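A.B. asks: This one is final_33.csv, CSV, C-alpha atoms.
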chain,number,residue,atom,x,y,z
G,184,MET,CA,1.2,2.0,-21.1
G,185,SER,CA,4.4,-0.1,-21.4
G,186,ILE,CA,6.3,0.0,-18.1
G,187,ASN,CA,9.8,-1.4,-18.0
G,188,HIS,CA,11.1,-0.2,-14.7
G,189,HIS,CA,9.3,-1.2,-11.5
G,190,LEU,CA,9.4,-0.9,-7.8
G,191,SER,CA,11.5,-3.6,-6.1
G,192,GLU,CA,9.6,-6.4,-4.4
G,193,GLY,CA,10.9,-5.1,-1.0
G,194,LEU,CA,9.5,-1.7,-1.6
G,195,ILE,CA,6.1,-3.1,-2.6
G,196,LEU,CA,6.0,-5.3,0.4
G,197,ALA,CA,7.0,-2.4,2.7
G,198,TYR,CA,4.3,-0.3,1.1
G,199,ALA,CA,1.6,-3.0,1.6
G,200,ALA,CA,2.8,-3.6,5.1
G,201,GLY,CA,2.5,0.1,5.9
G,202,SER,CA,6.1,0.5,7.0
G,203,LEU,CA,7.5,2.8,4.3
G,204,PRO,CA,8.0,6.5,5.2
G,205,GLU,CA,5.3,8.8,3.8
G,206,ALA,CA,7.3,10.2,0.9
G,207,TYR,CA,8.3,6.8,-0.4
G,208,SER,CA,4.7,5.6,0.1
G,209,LEU,CA,3.5,8.5,-2.1
G,210,ILE,CA,5.8,7.5,-5.0
G,211,ALA,CA,4.8,3.9,-4.5
G,212,ALA,CA,1.1,4.8,-4.6
G,213,ALA,CA,1.7,7.0,-7.7
G,214,HIS,CA,3.6,4.2,-9.5
G,215,ILE,CA,1.0,1.6,-8.6
G,216,SER,CA,-1.7,3.9,-10.0
G,217,MET,CA,0.1,3.5,-13.3
G,218,CYS,CA,1.3,-0.1,-13.2
G,219,ASP,CA,-0.9,-3.1,-13.0
G,220,ASP,CA,2.1,-5.5,-12.3
G,221,CYS,CA,3.0,-3.6,-9.1
G,222,ARG,CA,-0.7,-3.1,-8.2
G,223,ALA,CA,-1.1,-6.9,-8.4
G,224,ALA,CA,2.0,-7.4,-6.3
G,225,ALA,CA,0.8,-4.9,-3.7
G,226,THR,CA,-2.6,-6.6,-3.5
G,227,ALA,CA,-1.0,-10.0,-3.1
G,228,TYR,CA,1.1,-8.6,-0.2
G,229,GLU,CA,-2.0,-7.2,1.4
G,230,ALA,CA,-3.6,-10.6,1.1
G,231,LEU,CA,-0.5,-11.9,2.9
G,232,GLY,CA,-1.0,-9.3,5.6
G,233,GLY,CA,-4.6,-10.5,6.0
G,234,ALA,CA,-3.4,-14.0,6.3
G,235,VAL,CA,-0.7,-13.0,8.9
G,236,ILE,CA,-3.3,-11.2,11.0
G,237,ASP,CA,-5.7,-14.1,10.7
G,238,ASP,CA,-3.1,-16.6,11.7
G,239,GLY,CA,-1.4,-14.3,14.2
G,240,ASP,CA,-1.4,-14.2,18.0
G,241,SER,CA,-4.4,-12.8,19.8
G,242,ALA,CA,-4.2,-10.3,22.6
G,243,ALA,CA,-6.8,-10.6,25.3
G,244,LEU,CA,-9.4,-7.8,25.0
G,245,CYS,CA,-10.8,-5.7,27.8
G,246,GLN,CA,-13.9,-7.2,29.3
G,247,ASP,CA,-16.3,-4.6,27.9
G,248,SER,CA,-14.5,-4.3,24.6
G,249,LEU,CA,-17.5,-5.3,22.4
G,250,ALA,CA,-19.9,-3.1,24.3
G,251,LYS,CA,-17.5,-0.2,24.0
G,252,THR,CA,-17.2,-0.9,20.2
G,253,PHE,CA,-21.0,-0.8,19.8
G,254,ALA,CA,-21.0,2.5,21.7
G,255,ARG,CA,-18.4,3.8,19.2
G,256,ILE,CA,-20.4,2.7,16.2
G,257,SER,CA,-22.5,5.9,16.4
G,258,ALA,CA,-19.2,7.9,16.0
G,259,PRO,CA,-17.8,8.8,12.6
G,260,ALA,CA,-15.8,6.0,10.9
G,261,LEU,CA,-12.1,6.4,10.6
G,262,GLY,CA,-9.2,4.6,8.9
G,263,LEU,CA,-10.8,3.1,5.9
G,264,PRO,CA,-8.6,3.4,2.8
G,265,VAL,CA,-9.8,6.6,1.1
G,266,VAL,CA,-11.1,5.9,-2.4
G,267,VAL,CA,-8.8,8.1,-4.5
G,268,THR,CA,-10.3,9.1,-7.8
G,269,PRO,CA,-8.8,11.5,-10.3
G,270,LYS,CA,-10.3,15.0,-10.1
G,271,ALA,CA,-9.6,15.8,-13.7
G,272,PRO,CA,-7.8,14.2,-16.6
G,273,SER,CA,-4.1,14.8,-15.9
G,274,VAL,CA,-0.6,13.4,-16.3
G,275,LEU,CA,-0.6,13.3,-12.5
G,276,PRO,CA,-2.1,10.1,-10.9
G,277,ALA,CA,-4.7,10.8,-8.3
G,278,PRO,CA,-2.6,10.4,-5.2
G,279,LEU,CA,-0.2,13.1,-6.5
G,280,GLN,CA,-3.1,15.4,-7.5
G,281,ASP,CA,-4.2,14.9,-3.9
G,282,TYR,CA,-0.8,15.9,-2.4
G,283,LEU,CA,-0.3,18.8,-4.8
G,284,GLY,CA,-3.7,20.3,-4.3
G,285,ALA,CA,-3.4,22.1,-7.6
G,286,ARG,CA,-3.4,21.3,-11.3
G,287,LEU,CA,-0.1,20.8,-13.0
G,288,GLU,CA,-0.6,24.2,-14.8
G,289,ASP,CA,-1.0,25.9,-11.5
G,290,VAL,CA,2.1,24.5,-9.8
G,291,LYS,CA,4.4,27.1,-8.3
G,292,TRP,CA,7.7,26.0,-9.7
G,293,ARG,CA,11.1,27.2,-8.3
G,294,ASN,CA,14.2,27.3,-10.4
G,295,VAL,CA,17.0,25.1,-9.3
G,296,GLY,CA,19.4,25.9,-12.2
G,297,MET,CA,20.0,24.9,-15.8
G,298,GLY,CA,16.3,25.6,-16.5
G,299,VAL,CA,15.3,22.7,-14.2
G,300,ARG,CA,12.4,23.6,-11.9
G,301,GLN,CA,11.1,21.9,-8.8
G,302,CYS,CA,8.1,21.9,-6.5
G,303,VAL,CA,8.5,20.3,-3.1
G,304,LEU,CA,5.5,18.4,-1.8
G,305,LYS,CA,4.6,18.4,1.9
G,306,THR,CA,5.2,15.0,3.5
G,307,LYS,CA,6.1,14.0,7.0
G,308,GLY,CA,9.5,12.6,7.9
G,309,SER,CA,13.1,13.3,6.8
G,310,GLN,CA,12.5,12.4,3.1
G,311,THR,CA,11.8,15.0,0.4
G,312,ALA,CA,9.3,14.4,-2.4
G,313,ARG,CA,9.6,16.9,-5.3
G,314,LEU,CA,8.2,17.3,-8.7
G,315,LEU,CA,10.9,18.1,-11.3
G,316,HIS,CA,10.4,19.8,-14.6
G,317,ILE,CA,13.3,19.2,-16.9
G,318,PRO,CA,13.4,21.0,-20.2
G,319,ALA,CA,13.9,18.8,-23.3
G,320,GLY,CA,17.5,17.7,-23.8
G,321,THR,CA,18.6,19.1,-20.5
G,322,ALA,CA,20.6,17.2,-17.8
G,323,VAL,CA,19.6,17.4,-14.2
G,324,PRO,CA,22.2,19.2,-12.2
G,325,ASP,CA,24.0,17.1,-9.6
G,326,HIS,CA,21.6,17.1,-6.7
G,327,GLY,CA,23.8,14.9,-4.5
G,328,HIS,CA,21.4,12.5,-3.0
G,329,GLY,CA,22.9,10.6,-0.1
G,330,GLY,CA,20.5,7.7,0.2
G,331,LEU,CA,17.8,5.9,-1.7
G,332,GLU,CA,16.4,8.0,-4.6
G,333,LEU,CA,13.2,7.0,-6.4
G,334,THR,CA,12.2,8.8,-9.6
G,335,LEU,CA,8.9,8.3,-11.4
G,336,VAL,CA,8.4,9.6,-14.9
G,337,LEU,CA,5.0,11.4,-15.3
G,338,LYS,CA,5.6,13.0,-18.7
G,339,GLY,CA,8.3,12.7,-21.4
G,340,ALA,CA,11.3,10.5,-20.7
G,341,PHE,CA,14.9,10.7,-19.4
G,342,SER,CA,17.9,8.5,-19.8
G,343,ASP,CA,21.0,7.9,-17.8
G,344,LYS,CA,23.7,5.3,-17.9
G,345,THR,CA,21.4,2.7,-16.4
G,346,GLY,CA,18.8,3.0,-19.1
G,347,ARG,CA,15.9,5.0,-20.5
G,348,PHE,CA,12.9,5.8,-18.4
G,349,GLY,CA,9.5,6.6,-19.9
G,350,VAL,CA,6.1,7.5,-18.5
G,351,GLY,CA,5.2,5.2,-15.6
G,352,ASP,CA,8.8,3.9,-15.2
G,353,VAL,CA,10.4,4.3,-11.8
G,354,GLU,CA,14.2,4.4,-11.2
G,355,VAL,CA,15.4,2.9,-7.9
G,356,ALA,CA,18.9,4.3,-7.3
G,357,ASP,CA,20.9,3.9,-4.1
G,358,GLN,CA,23.8,6.2,-3.3
G,359,SER,CA,26.3,4.1,-5.2
G,360,VAL,CA,24.6,5.0,-8.4
G,361,GLU,CA,26.1,8.2,-9.9
G,362,HIS,CA,23.8,9.2,-12.6
G,363,THR,CA,23.1,12.3,-14.6
G,364,PRO,CA,19.6,12.0,-16.0
G,365,VAL,CA,19.1,13.8,-19.4
G,366,ALA,CA,15.6,14.5,-20.7
G,367,ASP,CA,14.7,13.3,-24.2
G,368,PRO,CA,15.5,15.9,-26.8
G,369,ASP,CA,11.9,16.3,-28.1
G,370,MET,CA,9.9,16.8,-25.0
G,371,ASP,CA,10.1,18.3,-21.5
G,372,CYS,CA,10.2,15.7,-18.8
G,373,ILE,CA,8.2,15.8,-15.6
G,374,CYS,CA,9.1,13.5,-12.7
G,375,LEU,CA,8.3,12.8,-9.1
G,376,ALA,CA,11.6,12.3,-7.2
G,377,VAL,CA,11.9,11.2,-3.6
G,378,THR,CA,15.2,11.4,-1.8
G,379,ASP,CA,16.3,10.8,1.7
G,380,ALA,CA,18.5,13.1,3.8
G,381,PRO,CA,21.9,11.4,3.9
G,382,LEU,CA,22.2,11.5,7.7
G,383,ARG,CA,18.8,10.0,8.2
G,384,PHE,CA,19.7,7.2,5.8
G,385,LYS,CA,22.3,6.0,8.2
G,386,SER,CA,19.8,5.6,11.0
G,387,PHE,CA,16.6,4.4,9.5
G,388,LEU,CA,16.6,3.6,5.9
G,389,LEU,CA,20.0,2.0,5.7
G,390,ARG,CA,18.7,-0.4,8.3
G,391,ALA,CA,15.3,-0.8,6.6
G,392,LEU,CA,16.2,-0.9,3.0
G,393,GLN,CA,19.7,-2.3,2.9
G,394,PRO,CA,18.6,-5.8,2.4
G,395,PHE,CA,16.5,-5.0,-0.7
G,396,PHE,CA,19.4,-3.4,-2.6
G,397,GLY,CA,22.2,-5.5,-1.4
G,398,ILE,CA,24.2,-2.4,-0.4
R,26,MET,CA,-15.0,-22.8,21.1
R,27,GLU,CA,-13.9,-21.1,17.9
R,28,VAL,CA,-14.9,-22.6,14.6
R,29,MET,CA,-11.9,-22.4,12.3
R,30,ASP,CA,-13.5,-22.2,9.0
R,31,LYS,CA,-16.3,-19.7,9.6
R,32,ASP,CA,-17.5,-17.9,6.6
R,33,TRP,CA,-16.4,-14.4,7.5
R,34,THR,CA,-17.7,-13.0,4.1
R,35,ALA,CA,-21.2,-14.2,4.8
R,36,LEU,CA,-21.1,-12.7,8.3
R,37,LEU,CA,-19.9,-9.4,7.1
R,38,LEU,CA,-22.6,-9.3,4.4
R,39,ARG,CA,-25.1,-9.9,7.2
R,40,VAL,CA,-23.7,-6.9,9.0
R,41,ARG,CA,-23.9,-4.9,5.8
R,42,ASP,CA,-27.4,-5.9,4.7
R,43,HIS,CA,-29.1,-6.4,8.1
R,44,GLN,CA,-27.0,-4.5,10.7
R,45,ASP,CA,-26.8,-8.0,12.3
R,46,ARG,CA,-25.2,-7.5,15.8
R,47,ALA,CA,-24.7,-11.2,16.3
R,48,ALA,CA,-22.8,-11.6,13.1
R,49,PHE,CA,-20.8,-8.5,14.1
R,50,GLY,CA,-20.1,-10.1,17.5
R,51,ALA,CA,-18.7,-13.2,15.8
R,52,LEU,CA,-16.5,-11.2,13.6
R,53,PHE,CA,-15.4,-9.1,16.6
R,54,THR,CA,-14.6,-12.2,18.6
R,55,HIS,CA,-12.3,-13.5,15.9
R,56,PHE,CA,-10.7,-10.3,14.6
R,57,ALA,CA,-10.5,-7.8,17.4
R,58,PRO,CA,-8.0,-9.8,19.6
R,59,ARG,CA,-5.9,-10.4,16.5
R,60,ILE,CA,-5.9,-6.7,15.6
R,61,LYS,CA,-4.9,-5.9,19.1
R,62,GLY,CA,-2.1,-8.6,19.0
R,63,PHE,CA,-0.9,-7.2,15.6
R,64,LEU,CA,-0.7,-3.6,17.0
R,65,MET,CA,1.0,-4.7,20.2
R,66,LYS,CA,3.6,-6.6,18.2
R,67,SER,CA,4.1,-3.5,16.1
R,68,GLY,CA,5.2,-1.7,19.3
R,69,SER,CA,2.0,-0.1,20.6
R,70,SER,CA,1.0,-0.2,24.2
R,71,ALA,CA,-1.8,-2.5,25.3
R,72,SER,CA,-4.2,0.4,26.0
R,73,ALA,CA,-3.5,2.1,22.7
R,74,SER,CA,-3.9,-1.2,20.8
R,75,GLU,CA,-7.2,-1.9,22.6
R,76,ASP,CA,-8.4,1.5,21.6
R,77,CYS,CA,-7.3,1.2,18.0
R,78,ALA,CA,-8.8,-2.3,17.7
R,79,GLN,CA,-12.2,-1.1,18.8
R,80,ASP,CA,-11.8,1.8,16.4
R,81,VAL,CA,-11.0,-0.6,13.5
R,82,MET,CA,-13.9,-2.8,14.3
R,83,ALA,CA,-16.3,0.2,14.5
R,84,THR,CA,-15.0,1.1,11.0
R,85,VAL,CA,-15.7,-2.5,9.8
R,86,TRP,CA,-19.4,-1.9,10.9
R,87,HIS,CA,-19.6,1.5,9.4
R,88,LYS,CA,-18.0,0.7,6.1
R,89,ALA,CA,-19.3,-2.8,5.5
R,90,HIS,CA,-21.2,-1.4,2.5
R,91,LEU,CA,-17.8,-0.8,0.8
R,92,PHE,CA,-16.6,-4.3,1.3
R,93,ASP,CA,-16.3,-6.1,-2.0
R,94,PRO,CA,-15.7,-9.9,-1.6
R,95,SER,CA,-14.5,-10.1,-5.2
R,96,ARG,CA,-11.5,-7.8,-4.3
R,97,ALA,CA,-10.3,-9.1,-1.0
R,98,SER,CA,-11.0,-11.5,1.8
R,99,VAL,CA,-12.4,-10.2,5.1
R,100,ALA,CA,-9.1,-10.7,6.7
R,101,THR,CA,-7.3,-8.7,4.0
R,102,TRP,CA,-9.8,-5.9,4.2
R,103,VAL,CA,-9.6,-5.8,8.0
R,104,PHE,CA,-5.8,-5.8,7.7
R,105,THR,CA,-5.8,-2.8,5.4
R,106,ILE,CA,-8.0,-0.9,7.9
R,107,ALA,CA,-5.8,-1.8,10.8
R,108,ARG,CA,-2.7,-0.9,8.9
R,109,ASN,CA,-4.1,2.5,7.9
R,110,ARG,CA,-5.2,3.3,11.5
R,111,ARG,CA,-1.7,2.4,12.7
R,112,ILE,CA,-0.2,4.9,10.3
R,113,ASP,CA,-2.7,7.5,11.1
R,114,VAL,CA,-3.0,7.3,14.8
R,115,ILE,CA,0.3,5.8,15.9
R,116,ARG,CA,2.7,7.2,13.3
R,117,LYS,CA,0.6,10.3,12.7
R,118,GLU,CA,1.3,10.2,8.9
R,119,ARG,CA,-0.9,10.2,5.9
R,120,ARG,CA,-1.3,7.0,3.8
R,121,PRO,CA,-1.1,7.8,0.1
R,122,GLU,CA,-3.4,5.3,-1.7
R,123,PRO,CA,-3.2,4.4,-5.4
R,124,GLU,CA,-5.8,5.7,-7.8
R,125,ASP,CA,-8.8,3.5,-7.5
R,126,LEU,CA,-9.9,1.5,-10.5
R,127,PRO,CA,-13.5,1.8,-11.4
R,128,TRP,CA,-14.5,-1.5,-9.9
R,129,GLY,CA,-18.1,-1.9,-9.1
R,130,PRO,CA,-21.3,-2.9,-10.8
R,131,GLN,CA,-20.1,-1.6,-14.2
R,132,ALA,CA,-16.9,-3.5,-14.1
R,133,THR,CA,-17.0,-6.4,-11.7
R,134,LEU,CA,-15.0,-9.5,-11.9
R,135,ASP,CA,-16.6,-12.7,-13.2
R,136,GLN,CA,-18.0,-14.8,-10.4
R,137,GLY,CA,-15.6,-17.5,-11.3
R,138,GLU,CA,-12.6,-15.1,-11.2
R,139,ALA,CA,-13.7,-13.8,-7.8
R,140,LEU,CA,-13.9,-17.4,-6.6
R,141,ILE,CA,-10.4,-18.2,-7.8
R,142,ILE,CA,-9.0,-15.1,-6.0
R,143,ALA,CA,-10.9,-16.3,-2.8
R,144,GLN,CA,-9.3,-19.7,-3.2
R,145,GLU,CA,-5.8,-18.2,-3.7
R,146,ASN,CA,-6.4,-16.2,-0.5
R,147,ASP,CA,-7.4,-19.4,1.3
R,148,SER,CA,-4.4,-21.4,0.0
R,149,LEU,CA,-2.1,-18.5,1.0
R,150,ALA,CA,-3.5,-18.6,4.5
R,151,ALA,CA,-3.2,-22.4,4.6
R,152,ALA,CA,0.4,-22.2,3.3
R,153,ILE,CA,1.3,-19.8,6.1
R,154,ALA,CA,-0.3,-22.0,8.7
R,155,THR,CA,1.8,-25.0,7.6
R,156,LEU,CA,5.1,-23.1,7.6
R,157,PRO,CA,7.7,-23.9,10.3
R,158,GLN,CA,7.5,-21.5,13.2
R,159,ASN,CA,10.7,-19.7,12.4
R,160,GLN,CA,9.7,-19.0,8.8
R,161,ARG,CA,6.3,-17.8,10.0
R,162,ALA,CA,7.9,-15.5,12.4
R,163,LEU,CA,10.0,-13.9,9.6
R,164,ILE,CA,6.9,-13.2,7.5
R,165,GLU,CA,5.1,-11.8,10.5
R,166,ARG,CA,8.0,-9.5,11.2
R,167,ALA,CA,7.8,-8.0,7.7
R,168,PHE,CA,4.3,-6.8,8.7
R,169,PHE,CA,5.3,-5.7,12.2
R,170,ALA,CA,7.7,-3.2,10.5
R,171,ASP,CA,10.9,-5.1,11.1
R,172,LEU,CA,12.0,-4.9,7.5
R,173,SER,CA,15.4,-6.3,7.9
R,174,HIS,CA,13.9,-9.8,7.7
R,175,ALA,CA,11.7,-9.1,4.7
R,176,GLN,CA,14.1,-10.2,2.0
R,177,LEU,CA,13.8,-13.7,3.3
R,178,MET,CA,10.2,-13.7,2.1
R,179,GLN,CA,11.5,-14.9,-1.3
R,180,GLU,CA,12.7,-18.1,0.2
R,181,THR,CA,9.6,-19.2,2.0
R,182,GLY,CA,8.0,-21.0,-0.9
R,183,LEU,CA,4.7,-19.3,-0.4
R,184,PRO,CA,2.4,-19.3,-3.5
R,185,LEU,CA,2.7,-15.6,-3.9
R,186,GLY,CA,3.6,-15.9,-7.6
R,187,THR,CA,0.3,-17.6,-8.3
R,188,ILE,CA,-1.9,-15.1,-6.5
R,189,LYS,CA,0.0,-12.2,-8.1
R,190,SER,CA,-0.6,-13.6,-11.6
R,191,ARG,CA,-4.2,-14.3,-10.8
R,192,ILE,CA,-4.7,-10.7,-9.7
R,193,ARG,CA,-2.7,-9.5,-12.8
R,194,LEU,CA,-5.1,-11.4,-15.1
R,195,ALA,CA,-8.1,-10.0,-13.3
R,196,LEU,CA,-6.8,-6.5,-13.8
R,197,GLU,CA,-6.2,-7.1,-17.4
R,198,ARG,CA,-9.8,-8.3,-17.9
R,199,LEU,CA,-10.9,-5.2,-16.0
R,200,ARG,CA,-8.9,-2.9,-18.2
R,201,HIS,CA,-10.3,-4.7,-21.2
R,202,LYS,CA,-13.9,-4.2,-20.0
R,203,MET,CA,-13.2,-0.6,-19.3
R,204,MET,CA,-12.1,0.0,-22.9
R,205,GLN,CA,-15.2,-1.6,-24.4
Once you've parsed the file, please lay out its structure as structure tokens.

C.D. replies:
Amino acid sequence: MSINHHLSEGLILAYAAGSLPEAYSLIAAAHISMCDDCRAAATAYEALGGAVIDDGDSAALCQDSLAKTFARISAPALGLPVVVTPKAPSVLPAPLQDYLGARLEDVKWRNVGMGVRQCVLKTKGSQTARLLHIPAGTAVPDHGHGGLELTLVLKGAFSDKTGRFGVGDVEVADQSVEHTPVADPDMDCICLAVTDAPLRFKSFLLRALQPFFGI
Amino acid sequence: MEVMDKDWTALLLRVRDHQDRAAFGALFTHFAPRIKGFLMKSGSSASASEDCAQDVMATVWHKAHLFDPSRASVATWVFTIARNRRIDVIRKERRPEPEDLPWGPQATLDQGEALIIAQENDSLAAAIATLPQNQRALIERAFFADLSHAQLMQETGLPLGTIKSRIRLALERLRHKMMQ
């Protein structure tokens, strides 16, 4: 798979650090599933996180902390990264299959106009993650995103004035980018798109992500 | 007194293979206060951080069999567990993880490659330790969720490029093996 459009370093760092909102983490995990370059970068940032903890300040523990931990050891384990494996061959990477809880053929699509269909995935926070199904040769109607919009191509391809995006490519667009993605003429395009509510952007994401995009 | 260059991997493997409580105690003494410190710096109360640190260390015991020294250092592995617990318990969100690659007995890294990755991890830790205090603080803040400082990461001169290309090469080899 030849991937030309990647997550920004800032987004990969924030994903590895665990500070991205859930919907953005989902698209990051989906892209990393498809992209070895970004997987390597995320792994490197996790190593940096390990070094930061190792080198970081200690906080004094409660006196019986170790004894309490041994007492817990009989309880079920929590918090380990879940090993995510694909359930069946699919154009959807495993983390998306996990969130969708259905096969692509069983997705309950909702029409949003011009033949474009969407399915919103359940994530916490003010962002929205949606699968988009764009018929071949069709332009996505103006969906007026106010903040950061990430779009990952899962099947087919689309183009806008910033370039062409094929399977595995992710478009990182801030609100200054006015774009009208058009699906390739020969194949329907399926994407995962994550957008932020404009009002929310002003409070959290603008502050959090502004430096990465220079906006 | 704490020995600085303890072999955490060997201790964790003793926990994994022999349920060695003394080895676990040594890991606990080193990592638990650091996890608690990390969580408190991330904005959690002392009691929530204590609770979460115990939780993370209990997970280290339980899941020691999943630790693969050719993929990550003990510190990195512990960090990912602490990070996920912070998201789960403190933010109450899910953590989407990338699709796992079929690492394991069928597709392990070469010993030499694993060693190189371990050395890159060590040199990364060493590089952080030698940074001036203000630069170290900037990197730490990126991991304590204060992202506004993260862009300055690019200017710290840390050998991240090297570790990234090492991992990239290892992934390429792995993909190649999988196709055979």

A.B. asks: So, with all atoms listed in the file as the atoms that count, which of G:Leu304, G:Ser202, G:Asp352, G:Ser208 lies closest to Ile115 of chain R?

C.D. replies: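 Result for the nearest residue to Ile115 of chain R: G:Ser202.
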
A.B. asks: (15.3, 5.4, -18.8) in this file's frame - what residues fall within 12 Å of it? Use all atoms listed in the file and give the answer as JSON, numbers by chain.

C.D. replies: {"G": [186, 187, 188, 189, 334, 335, 336, 339, 340, 341, 342, 343, 344, 345, 346, 347, 348, 349, 350, 351, 352, 353, 354, 355, 362, 363, 364, 365, 366, 367, 372, 374]}

A.B. asks: Go ahead and dump the residues you just picked, C-alpha atoms, as a compact mmCIF listing (two decimals), in the coordinates of the input.

C.D. replies:
# COMPACT_ATOMS: atom_id res chain seq x y z
CA ILE G 186 6.30 0.00 -18.10
CA ASN G 187 9.80 -1.40 -18.00
CA HIS G 188 11.10 -0.20 -14.70
CA HIS G 189 9.30 -1.20 -11.50
CA THR G 334 12.20 8.80 -9.60
CA LEU G 335 8.90 8.30 -11.40
CA VAL G 336 8.40 9.60 -14.90
CA GLY G 339 8.30 12.70 -21.40
CA ALA G 340 11.30 10.50 -20.70
CA PHE G 341 14.90 10.70 -19.40
CA SER G 342 17.90 8.50 -19.80
CA ASP G 343 21.00 7.90 -17.80
CA LYS G 344 23.70 5.30 -17.90
CA THR G 345 21.40 2.70 -16.40
CA GLY G 346 18.80 3.00 -19.10
CA ARG G 347 15.90 5.00 -20.50
CA PHE G 348 12.90 5.80 -18.40
CA GLY G 349 9.50 6.60 -19.90
CA VAL G 350 6.10 7.50 -18.50
CA GLY G 351 5.20 5.20 -15.60
CA ASP G 352 8.80 3.90 -15.20
CA VAL G 353 10.40 4.30 -11.80
CA GLU G 354 14.20 4.40 -11.20
CA VAL G 355 15.40 2.90 -7.90
CA HIS G 362 23.80 9.20 -12.60
CA THR G 363 23.10 12.30 -14.60
CA PRO G 364 19.60 12.00 -16.00
CA VAL G 365 19.10 13.80 -19.40
CA ALA G 366 15.60 14.50 -20.70
CA ASP G 367 14.70 13.30 -24.20
CA CYS G 372 10.20 15.70 -18.80
CA CYS G 374 9.10 13.50 -12.70

A.B. asks: Taking only C-alpha atoms into account, name the residue in G:Leu231, G:Ile210, G:Ala285, G:Leu196 that is nearest to Ala97 of chain R.

C.D. replies: G:Leu231

A.B. asks: Counting only C-alpha atoms, figure out which residue out of R:Val99, R:Arg110, R:Thr54, R:Ser67 gets nearest to Asp80 of chain R.

C.D. replies: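 Ranked by minimum distance to Asp80 of chain R, first place goes to R:Arg110.
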
A.B. asks: Which distance in Å separates atom CA of Asp281 of chain G and atom CA of Pro121 of chain R, to one decimal?

C.D. replies: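 The value is 8.7 Å.
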
A.B. asks: Tell me the residues of chain R close to chain G, meaning within 6 Å using only C-alpha atoms, as a list of chain:residue names.

C.D. replies: R:Pro58, R:Arg59, R:Lys61, R:Gly62, R:Gln79, R:Ala83, R:Thr84, R:Ala100, R:Thr101, R:Phe104, R:Ile106, R:Asn109, R:Arg110, R:Pro121, R:Glu122, R:Pro123, R:Glu124, R:Asp125, R:Ala150, R:Phe168, R:Ala170, R:Leu172, R:Ser173, R:Lys189, R:Ile192, R:Arg193

A.B. asks: For the selection you just gave me, I'd like the residues written to a file as a PDB file, in the frame of the given file, keeping C-alpha atoms.

C.D. replies:
ATOM      1  CA  PRO R  58      -8.000  -9.800  19.600  1.00  0.00           C
ATOM      2  CA  ARG R  59      -5.900 -10.400  16.500  1.00  0.00           C
ATOM      3  CA  LYS R  61      -4.900  -5.900  19.100  1.00  0.00           C
ATOM      4  CA  GLY R  62      -2.100  -8.600  19.000  1.00  0.00           C
ATOM      5  CA  GLN R  79     -12.200  -1.100  18.800  1.00  0.00           C
ATOM      6  CA  ALA R  83     -16.300   0.200  14.500  1.00  0.00           C
ATOM      7  CA  THR R  84     -15.000   1.100  11.000  1.00  0.00           C
ATOM      8  CA  ALA R 100      -9.100 -10.700   6.700  1.00  0.00           C
ATOM      9  CA  THR R 101      -7.300  -8.700   4.000  1.00  0.00           C
ATOM     10  CA  PHE R 104      -5.800  -5.800   7.700  1.00  0.00           C
ATOM     11  CA  ILE R 106      -8.000  -0.900   7.900  1.00  0.00           C
ATOM     12  CA  ASN R 109      -4.100   2.500   7.900  1.00  0.00           C
ATOM     13  CA  ARG R 110      -5.200   3.300  11.500  1.00  0.00           C
ATOM     14  CA  PRO R 121      -1.100   7.800   0.100  1.00  0.00           C
ATOM     15  CA  GLU R 122      -3.400   5.300  -1.700  1.00  0.00           C
ATOM     16  CA  PRO R 123      -3.200   4.400  -5.400  1.00  0.00           C
ATOM     17  CA  GLU R 124      -5.800   5.700  -7.800  1.00  0.00           C
ATOM     18  CA  ASP R 125      -8.800   3.500  -7.500  1.00  0.00           C
ATOM     19  CA  ALA R 150      -3.500 -18.600   4.500  1.00  0.00           C
ATOM     20  CA  PHE R 168       4.300  -6.800   8.700  1.00  0.00           C
ATOM     21  CA  ALA R 170       7.700  -3.200  10.500  1.00  0.00           C
ATOM     22  CA  LEU R 172      12.000  -4.900   7.500  1.00  0.00           C
ATOM     23  CA  SER R 173      15.400  -6.300   7.900  1.00  0.00           C
ATOM     24  CA  LYS R 189       0.000 -12.200  -8.100  1.00  0.00           C
ATOM     25  CA  ILE R 192      -4.700 -10.700  -9.700  1.00  0.00           C
ATOM     26  CA  ARG R 193      -2.700  -9.500 -12.800  1.00  0.00           C
TER      27      ARG R 193
END

A.B. asks: Would you mind telling me which residue in G:Ala356, G:Ala322, G:Leu314, G:Leu287 lies nearest to Gln301 of chain G when using all atoms listed in the file?

C.D. replies: G:Leu314
